[in-house]
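Below is model12.txt, holding compact mmCIF, C-alpha atoms.
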```
# COMPACT_ATOMS: atom_id res chain seq x y z
CA MET A 1147 0.00 0.00 0.00
CA ASN A 1148 1.32 3.46 -0.92
CA ARG A 1149 1.61 5.39 2.32
CA ARG A 1150 2.71 8.97 2.82
CA LYS A 1151 6.18 9.69 4.20
CA ILE A 1152 6.38 11.94 7.24
CA PHE A 1153 9.63 13.70 8.19
CA ILE A 1154 8.60 15.40 11.43
CA PRO A 1155 7.36 12.49 13.61
CA ILE A 1156 10.79 10.82 13.58
CA ALA A 1157 12.20 13.70 15.56
CA LEU A 1158 9.25 14.02 17.90
CA LEU A 1159 9.14 10.36 18.79
CA LEU A 1160 12.85 10.27 19.43
CA VAL A 1161 12.50 12.97 22.06
CA LEU A 1162 9.30 11.70 23.60
CA SER A 1163 10.50 8.25 24.39
CA GLY A 1164 13.53 6.93 22.63
CA LEU A 1165 15.85 9.00 24.79
CA PHE A 1166 14.01 7.93 27.93
CA ALA A 1167 14.57 4.30 27.01
CA ILE A 1168 18.28 5.03 26.61
CA ALA A 1169 18.34 6.35 30.16
CA ASN A 1170 17.26 2.97 31.46
CA SER A 1171 20.43 1.27 30.21
CA ASN A 1172 23.65 2.51 31.79
CA LYS A 1173 25.98 0.90 29.26
CA TRP A 1174 24.49 2.92 26.37
CA LEU A 1175 25.53 6.22 27.90
CA THR A 1176 28.97 7.80 28.08
CA PRO A 1177 28.41 11.12 29.89
CA ASP A 1178 30.92 13.95 30.01
CA ASN A 1179 32.06 15.00 33.46
CA ALA A 1180 29.68 17.43 35.12
CA LYS A 1181 30.92 21.00 35.33
CA ASN A 1182 29.95 23.94 37.55
CA GLU A 1183 28.16 21.57 39.92
CA LEU A 1184 25.62 20.59 37.31
CA PRO A 1185 24.20 17.07 37.63
CA ASP A 1186 25.54 14.15 35.66
CA ALA A 1187 23.90 13.74 32.24
CA LYS A 1188 23.15 10.08 32.88
CA GLU A 1189 21.34 10.93 36.10
CA GLU A 1190 19.32 13.60 34.32
CA LEU A 1191 18.19 11.12 31.65
CA GLN A 1192 17.23 8.66 34.36
CA LYS A 1193 15.08 11.29 36.08
CA LEU A 1194 13.33 12.14 32.80
CA TYR A 1195 12.78 8.44 32.18
CA THR A 1196 11.22 8.03 35.64
CA ILE A 1197 8.82 10.91 35.13
CA TYR A 1198 7.68 10.03 31.61
CA ASN A 1199 7.90 6.24 31.53
CA LYS A 1200 6.87 5.07 34.97
CA GLN A 1201 3.88 2.71 34.77
CA ASP A 1202 1.73 4.77 37.15
CA THR A 1203 2.61 8.10 35.51
CA SER A 1204 -0.24 10.16 34.00
CA PHE A 1205 0.12 13.27 31.85
CA ASN A 1206 -1.06 15.03 28.69
CA ILE A 1207 1.22 16.77 26.20
CA ASN A 1208 0.18 18.98 23.28
CA GLY A 1209 2.47 20.90 21.03
CA MET A 1210 3.72 21.96 17.64
CA ILE A 1211 6.54 20.49 15.57
CA ARG A 1212 8.27 22.68 12.99
CA LEU A 1213 10.82 21.63 10.39
CA TYR A 1214 13.33 24.23 9.17
CA ASP A 1215 15.78 24.14 6.28
CA LYS A 1216 19.10 25.32 7.69
CA GLU A 1217 20.65 25.25 4.23
CA ASN A 1218 18.11 27.81 3.02
CA LYS A 1219 18.10 30.55 5.68
CA ASP A 1220 16.04 28.54 8.16
CA VAL A 1221 12.96 28.54 5.93
CA LEU A 1222 9.99 26.79 7.53
CA LYS A 1223 9.32 23.68 5.44
CA GLU A 1224 6.70 21.79 7.40
CA GLN A 1225 4.71 21.94 10.62
CA THR A 1226 2.17 19.80 12.40
CA SER A 1227 0.53 19.58 15.78
CA PHE A 1228 0.86 16.58 18.04
CA SER A 1229 -0.59 15.19 21.24
CA TYR A 1230 0.58 12.49 23.61
CA SER A 1231 -1.24 11.28 26.71
CA LYS A 1232 -0.47 8.55 29.22
CA LYS A 1233 -2.45 7.07 32.08
CA GLY A 1234 -0.67 4.06 33.47
CA LYS A 1235 -0.28 1.53 30.65
CA ASN A 1236 -2.86 3.29 28.48
CA VAL A 1237 -1.12 5.56 25.98
CA PHE A 1238 -2.44 7.67 23.14
CA ASN A 1239 -0.24 9.35 20.54
CA GLN A 1240 -1.31 11.49 17.58
CA ILE A 1241 0.89 13.06 14.93
CA GLY A 1242 -1.02 14.48 11.99
CA TYR A 1243 -3.25 11.76 10.56
CA LEU A 1244 -1.66 8.90 12.55
CA ARG A 1245 -3.15 7.89 15.90
CA THR A 1246 -1.75 5.09 18.06
CA PHE A 1247 -3.39 3.51 21.09
CA PHE A 1248 -1.77 1.28 23.72
CA ASP A 1249 -3.50 -0.68 26.47
CA ASP A 1250 -2.44 -3.65 28.63
CA SER A 1251 -2.24 -6.09 25.73
CA LEU A 1252 -2.80 -4.34 22.39
CA VAL A 1253 -1.40 -1.64 20.14
CA VAL A 1254 -3.78 -0.20 17.54
CA GLN A 1255 -2.61 2.32 14.95
CA LEU A 1256 -5.22 4.29 13.03
CA ASP A 1257 -4.24 5.88 9.71
CA THR A 1258 -7.04 8.27 8.76
CA VAL A 1259 -5.58 9.16 5.34
CA ASN A 1260 -4.99 5.66 3.99
CA LYS A 1261 -7.96 4.23 5.97
CA TYR A 1262 -5.85 1.59 7.60
CA ILE A 1263 -5.94 -0.05 11.05
CA ALA A 1264 -2.93 -2.03 12.33
CA VAL A 1265 -3.44 -4.30 15.34
CA SER A 1266 -0.53 -5.79 17.30
CA LYS A 1267 -0.17 -7.61 20.61
CA ILE A 1268 2.07 -6.46 23.44
CA VAL A 1269 4.14 -9.43 24.58
CA GLU A 1270 6.03 -9.14 27.85
CA GLY A 1271 9.76 -9.04 27.27
CA ARG A 1272 9.42 -8.12 23.60
CA ARG A 1273 9.50 -4.69 21.98
CA VAL A 1274 6.38 -3.28 20.40
CA PRO A 1275 6.82 -3.30 16.59
CA VAL A 1276 5.36 0.17 15.91
CA GLN A 1277 6.81 3.66 16.24
CA SER A 1278 4.71 4.89 19.11
CA GLY A 1279 5.38 5.05 22.81
CA LEU A 1280 8.94 3.73 22.57
CA PRO A 1281 9.68 4.20 18.88
CA PHE A 1282 13.45 3.84 18.89
CA GLU A 1283 13.53 0.53 20.73
CA LYS A 1284 14.02 -1.46 17.55
CA PHE A 1285 17.35 0.33 17.01
CA MET A 1286 18.60 -0.55 20.47
CA GLU A 1287 18.78 -4.32 20.24
CA ASP A 1288 22.54 -4.29 19.70
CA THR A 1289 24.27 -2.23 22.41
CA SER A 1290 27.78 -3.55 21.92
CA THR A 1291 28.99 -1.15 19.21
CA PHE A 1292 27.17 2.11 19.93
CA LYS A 1293 27.98 4.96 22.31
CA ILE A 1294 26.04 8.04 23.39
CA SER A 1295 27.66 11.18 24.79
CA ALA A 1296 25.64 13.71 26.76
CA THR A 1297 26.27 17.06 28.46
CA VAL A 1298 24.18 19.28 30.73
CA SER A 1299 24.07 23.08 30.76
CA GLU A 1300 21.86 25.63 32.50
CA LYS A 1301 20.84 29.21 31.71
CA ASN A 1302 18.06 31.46 33.05
CA LYS A 1303 16.67 28.67 35.25
CA GLU A 1304 16.33 26.35 32.26
CA ARG A 1305 18.40 23.23 31.79
CA ALA A 1306 19.54 21.77 28.47
CA LEU A 1307 20.56 18.16 27.85
CA THR A 1308 22.59 17.77 24.65
CA ILE A 1309 22.96 14.27 23.21
CA ILE A 1310 25.08 12.93 20.37
CA SER A 1311 24.50 9.30 19.43
CA GLU A 1312 26.49 6.83 17.36
CA LEU A 1313 23.33 4.74 17.43
CA ASN A 1314 21.53 7.19 15.13
CA PRO A 1315 24.15 8.59 12.71
CA GLU A 1316 21.45 10.35 10.68
CA ILE A 1317 21.00 12.74 13.62
CA LYS A 1318 23.71 15.36 14.17
CA SER A 1319 22.62 16.30 17.70
CA SER A 1320 19.58 16.49 19.99
CA VAL A 1321 18.89 19.02 22.74
CA ILE A 1322 16.14 18.75 25.35
CA TYR A 1323 15.21 21.90 27.30
CA TYR A 1324 13.45 21.29 30.61
CA ASP A 1325 12.63 22.70 34.01
CA PRO A 1326 15.32 21.59 36.50
CA VAL A 1327 12.77 21.51 39.33
CA THR A 1328 9.78 19.74 37.79
CA TYR A 1329 11.69 18.01 34.94
CA LYS A 1330 8.97 18.91 32.50
CA ILE A 1331 10.24 19.16 28.94
CA LYS A 1332 9.65 22.63 27.50
CA LYS A 1333 11.27 22.35 24.08
CA ALA A 1334 13.43 20.06 22.00
CA GLU A 1335 15.67 20.74 19.03
CA ILE A 1336 17.11 18.13 16.69
CA GLU A 1337 19.55 18.69 13.85
CA TRP A 1338 19.70 15.85 11.35
CA TRP A 1339 21.45 15.30 8.07
CA LYS A 1340 19.57 15.71 4.82
CA GLU A 1341 21.72 12.99 3.29
CA ALA A 1342 24.34 10.57 4.51
CA MET A 1343 26.59 11.78 7.31
CA ILE A 1344 29.13 14.30 5.99
CA ASN A 1345 32.70 14.51 7.29
CA ASP A 1346 33.52 17.99 6.01
CA GLN A 1347 32.14 20.33 8.68
CA GLU A 1348 31.80 23.43 6.44
CA GLU A 1349 29.82 21.46 3.88
CA ALA A 1350 27.83 19.65 6.55
CA ASN A 1351 26.49 22.90 8.00
CA LYS A 1352 24.73 23.54 4.70
CA LYS A 1353 22.94 20.20 4.61
CA ILE A 1354 20.95 20.04 7.83
CA TRP A 1355 17.29 19.95 8.78
CA LEU A 1356 16.34 21.52 12.10
CA THR A 1357 13.28 20.24 13.94
CA ILE A 1358 11.92 22.27 16.85
CA MET A 1359 9.25 20.89 19.18
CA GLU A 1360 7.44 23.06 21.74
CA TYR A 1361 5.45 21.40 24.51
CA THR A 1362 2.42 22.37 26.61
CA TYR A 1363 0.71 20.37 29.35
CA PRO A 1364 -3.07 20.80 29.28
CA VAL A 1365 -5.34 19.34 31.96
CA SER A 1366 -6.99 17.09 29.37
CA SER A 1367 -5.80 15.82 26.01
CA GLY A 1368 -8.26 18.00 24.10
CA THR A 1369 -8.14 15.77 21.03
CA SER A 1370 -11.13 14.88 18.89
CA GLY A 1371 -11.88 11.45 17.47
CA PRO A 1372 -11.72 8.06 19.21
CA LYS A 1373 -10.46 7.98 22.78
CA SER A 1374 -9.85 4.25 23.15
CA ILE A 1375 -9.27 1.03 21.23
CA LYS A 1376 -12.84 -0.19 21.75
CA GLU A 1377 -14.08 2.73 19.64
CA ILE A 1378 -11.96 1.50 16.71
CA ILE A 1379 -12.22 -2.30 16.72
CA VAL A 1380 -14.51 -5.02 18.08
CA TRP A 1381 -13.86 -8.74 18.33
CA GLU A 1382 -15.81 -11.30 16.29
CA ASP A 1383 -14.89 -14.99 16.38
CA GLY A 1384 -11.57 -14.12 17.96
CA LYS A 1385 -10.64 -11.62 15.23
CA PRO A 1386 -10.57 -7.79 15.32
CA LYS A 1387 -13.09 -6.05 13.09
CA PRO A 1388 -13.56 -2.30 12.55
CA THR A 1389 -16.43 -0.63 14.38
CA LYS A 1390 -19.22 0.97 12.39
CA ALA A 1391 -17.42 4.31 12.39
CA TYR A 1392 -14.47 2.70 10.56
CA GLU A 1393 -16.22 0.00 8.54
CA ASP A 1394 -14.52 1.13 5.31
CA TYR A 1395 -11.03 0.75 6.84
CA GLN A 1396 -8.69 -2.15 6.08
CA VAL A 1397 -7.55 -4.08 9.18
CA HIS A 1398 -4.06 -5.61 9.31
CA VAL A 1399 -3.31 -8.04 12.17
CA THR A 1400 0.25 -8.99 13.08
CA PHE A 1401 -0.50 -11.94 15.38
```
Represent the structure contained in this file as structure tokens.
Amino acid sequence: MNRRKIFIPIALLLVLSGLFAIANSNKWLTPDNAKNELPDAKEELQKLYTIYNKQDTSFNINGMIRLYDKENKDVLKEQTSFSYSKKGKNVFNQIGYLRTFFDDSLVVQLDTVNKYIAVSKIVEGRRVPVQSGLPFEKFMEDTSTFKISATVSEKNKERALTIISELNPEIKSSVIYYDPVTYKIKKAEIEWWKEAMINDQEEANKKIWLTIMEYTYPVSSGTSGPKSIKEIIVWEDGKPKPTKAYEDYQVHVTF
């Protein structure tokens, strides 16, 4: 099936959860020594992981993602809104026309442009095979050859965590800006190569996308459309079928 390619969500999902997963594995991280009494970068990632990935954590995030062309005077090339909510094991993520729902045992992805529903099972001890919730997990199976360096800085009561990863060579660098008291993420910036990684620094600076994500934390998710998996699929004879609202959608089951 011909499906549209999205640039922006790659950057968003990396910040939302891929970096938090990294924090949960000490051997993936090679932090620089803390300076000016700032905390260790590894410890900061672990704190962010605890806040955003703990099973009993609940929160709502809304925001805007903007893609800039650094090669062409930072021209705005693309933008989209996003939302992400979590209540225990129940997770909802929306980026543009893609909506993904997690519960205790299932992952359901709803594609409202291609009219497509993907249904997967969550198996304990195995990574979920969709880019939602923990999207970069599939790149973290082999930890023996990759290293991540991280540094922490602080200015005007805002802390910045800068990360450079051998694991994702397509990304030049990632910076997360957050409140050092509450550890709420305020903004994230990611620079990533338009093409293959370039060794010549002067030339490389002309071939970079810049993605900027700004976050807000509303009381409720504020999103329209289905709120749960049961509004999208029902079970008949042990198989998922689309509800009446999505009866013209194709269902793909991976188990």
Could you check how far atom CA of Val1265 of chain A sits from atom CA of Arg1245 of chain A, in Å to one decimal? 12.2 Å
Would you please work out which residue, of A:Asp1257, A:Glu1360, A:Asp1325, A:Glu1217, is nearest to Glu1190 of chain A when using all atoms listed in the file? A:Asp1325
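Interatomic distance, atom CA of Glu1304 of chain A to atom CA of Leu1356 of chain A: 20.7 Å.
Pairwise distance (atom CA of Gly1242 of chain A, atom CA of Glu1312 of chain A) equals 29.1 Å.
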Take every atom of segment 1365-1374 of chain A listed in the file, pad by 4 Å on each side, and give me the axis-aligned box centre and edge lengths in Å, one decimal, as JSON.
```
{"center_x": -8.6, "center_y": 11.8, "center_z": 24.7, "size_x": 14.5, "size_y": 23.1, "size_z": 22.5}
```
Compile the contact shell of Asn1208 of chain A as a list of chain:residue names: residues with an atom at most 9 Å away, counting only C-alpha atoms, same-chain residues fewer than 2 positions apart removed. A:Asn1206, A:Met1210, A:Ser1227, A:Phe1228, A:Ser1229, A:Tyr1230, A:Ser1231, A:Glu1360, A:Tyr1361, A:Thr1362, A:Tyr1363, A:Pro1364, A:Ser1367, A:Gly1368
Please complete segment 1208-1235 of chain A with N, CA and C atoms and give it back as a PDB file, in the coordinates of the input.
```
ATOM      1  N   ASN A1208       0.534  18.466  24.606  1.00  0.00           N
ATOM      2  CA  ASN A1208       0.180  18.980  23.280  1.00  0.00           C
ATOM      3  C   ASN A1208       1.343  19.828  22.797  1.00  0.00           C
ATOM      4  N   GLY A1209       1.402  20.049  21.506  1.00  0.00           N
ATOM      5  CA  GLY A1209       2.470  20.900  21.030  1.00  0.00           C
ATOM      6  C   GLY A1209       2.500  21.029  19.523  1.00  0.00           C
ATOM      7  N   MET A1210       3.530  21.714  19.058  1.00  0.00           N
ATOM      8  CA  MET A1210       3.720  21.960  17.640  1.00  0.00           C
ATOM      9  C   MET A1210       5.132  21.551  17.250  1.00  0.00           C
ATOM     10  N   ILE A1211       5.245  20.883  16.100  1.00  0.00           N
ATOM     11  CA  ILE A1211       6.540  20.490  15.570  1.00  0.00           C
ATOM     12  C   ILE A1211       6.764  21.270  14.283  1.00  0.00           C
ATOM     13  N   ARG A1212       7.942  21.900  14.192  1.00  0.00           N
ATOM     14  CA  ARG A1212       8.270  22.680  12.990  1.00  0.00           C
ATOM     15  C   ARG A1212       9.596  22.213  12.413  1.00  0.00           C
ATOM     16  N   LEU A1213       9.626  22.064  11.106  1.00  0.00           N
ATOM     17  CA  LEU A1213      10.820  21.630  10.390  1.00  0.00           C
ATOM     18  C   LEU A1213      11.384  22.791   9.596  1.00  0.00           C
ATOM     19  N   TYR A1214      12.671  23.124   9.843  1.00  0.00           N
ATOM     20  CA  TYR A1214      13.330  24.230   9.170  1.00  0.00           C
ATOM     21  C   TYR A1214      14.467  23.729   8.288  1.00  0.00           C
ATOM     22  N   ASP A1215      14.704  24.454   7.211  1.00  0.00           N
ATOM     23  CA  ASP A1215      15.780  24.140   6.280  1.00  0.00           C
ATOM     24  C   ASP A1215      16.971  25.038   6.600  1.00  0.00           C
ATOM     25  N   LYS A1216      17.961  24.506   7.296  1.00  0.00           N
ATOM     26  CA  LYS A1216      19.100  25.320   7.690  1.00  0.00           C
ATOM     27  C   LYS A1216      19.965  25.709   6.499  1.00  0.00           C
ATOM     28  N   GLU A1217      19.891  24.948   5.433  1.00  0.00           N
ATOM     29  CA  GLU A1217      20.650  25.250   4.230  1.00  0.00           C
ATOM     30  C   GLU A1217      20.077  26.460   3.497  1.00  0.00           C
ATOM     31  N   ASN A1218      18.811  26.750   3.746  1.00  0.00           N
ATOM     32  CA  ASN A1218      18.110  27.810   3.020  1.00  0.00           C
ATOM     33  C   ASN A1218      17.551  28.845   3.984  1.00  0.00           C
ATOM     34  N   LYS A1219      18.439  29.436   4.786  1.00  0.00           N
ATOM     35  CA  LYS A1219      18.100  30.550   5.680  1.00  0.00           C
ATOM     36  C   LYS A1219      16.986  30.204   6.667  1.00  0.00           C
ATOM     37  N   ASP A1220      17.001  28.987   7.153  1.00  0.00           N
ATOM     38  CA  ASP A1220      16.040  28.540   8.160  1.00  0.00           C
ATOM     39  C   ASP A1220      14.585  28.710   7.712  1.00  0.00           C
ATOM     40  N   VAL A1221      14.323  28.464   6.447  1.00  0.00           N
ATOM     41  CA  VAL A1221      12.960  28.540   5.930  1.00  0.00           C
ATOM     42  C   VAL A1221      12.111  27.428   6.548  1.00  0.00           C
ATOM     43  N   LEU A1222      10.909  27.779   6.983  1.00  0.00           N
ATOM     44  CA  LEU A1222       9.990  26.790   7.530  1.00  0.00           C
ATOM     45  C   LEU A1222       9.454  25.915   6.405  1.00  0.00           C
ATOM     46  N   LYS A1223       9.702  24.608   6.498  1.00  0.00           N
ATOM     47  CA  LYS A1223       9.320  23.680   5.440  1.00  0.00           C
ATOM     48  C   LYS A1223       8.054  22.894   5.767  1.00  0.00           C
ATOM     49  N   GLU A1224       7.817  22.650   7.028  1.00  0.00           N
ATOM     50  CA  GLU A1224       6.700  21.790   7.400  1.00  0.00           C
ATOM     51  C   GLU A1224       6.359  22.020   8.865  1.00  0.00           C
ATOM     52  N   GLN A1225       5.101  21.871   9.221  1.00  0.00           N
ATOM     53  CA  GLN A1225       4.710  21.940  10.620  1.00  0.00           C
ATOM     54  C   GLN A1225       3.457  21.111  10.855  1.00  0.00           C
ATOM     55  N   THR A1226       3.352  20.581  12.042  1.00  0.00           N
ATOM     56  CA  THR A1226       2.170  19.800  12.400  1.00  0.00           C
ATOM     57  C   THR A1226       2.006  19.814  13.904  1.00  0.00           C
ATOM     58  N   SER A1227       0.797  19.673  14.347  1.00  0.00           N
ATOM     59  CA  SER A1227       0.530  19.580  15.780  1.00  0.00           C
ATOM     60  C   SER A1227       0.637  18.121  16.222  1.00  0.00           C
ATOM     61  N   PHE A1228       0.814  17.932  17.506  1.00  0.00           N
ATOM     62  CA  PHE A1228       0.860  16.580  18.040  1.00  0.00           C
ATOM     63  C   PHE A1228       0.241  16.556  19.428  1.00  0.00           C
ATOM     64  N   SER A1229      -0.123  15.377  19.867  1.00  0.00           N
ATOM     65  CA  SER A1229      -0.590  15.190  21.240  1.00  0.00           C
ATOM     66  C   SER A1229      -0.140  13.819  21.722  1.00  0.00           C
ATOM     67  N   TYR A1230       0.099  13.730  23.009  1.00  0.00           N
ATOM     68  CA  TYR A1230       0.580  12.490  23.610  1.00  0.00           C
ATOM     69  C   TYR A1230       0.023  12.446  25.024  1.00  0.00           C
ATOM     70  N   SER A1231      -0.687  11.399  25.364  1.00  0.00           N
ATOM     71  CA  SER A1231      -1.240  11.280  26.710  1.00  0.00           C
ATOM     72  C   SER A1231      -0.956   9.890  27.259  1.00  0.00           C
ATOM     73  N   LYS A1232      -0.789   9.815  28.561  1.00  0.00           N
ATOM     74  CA  LYS A1232      -0.470   8.550  29.220  1.00  0.00           C
ATOM     75  C   LYS A1232      -1.196   8.478  30.548  1.00  0.00           C
ATOM     76  N   LYS A1233      -1.829   7.342  30.789  1.00  0.00           N
ATOM     77  CA  LYS A1233      -2.450   7.070  32.080  1.00  0.00           C
ATOM     78  C   LYS A1233      -2.162   5.621  32.412  1.00  0.00           C
ATOM     79  N   GLY A1234      -1.113   5.418  33.209  1.00  0.00           N
ATOM     80  CA  GLY A1234      -0.670   4.060  33.470  1.00  0.00           C
ATOM     81  C   GLY A1234      -0.159   3.414  32.200  1.00  0.00           C
ATOM     82  N   LYS A1235      -0.683   2.236  31.860  1.00  0.00           N
ATOM     83  CA  LYS A1235      -0.280   1.530  30.650  1.00  0.00           C
ATOM     84  C   LYS A1235      -1.050   1.996  29.417  1.00  0.00           C
TER      85      LYS A1235
END
```
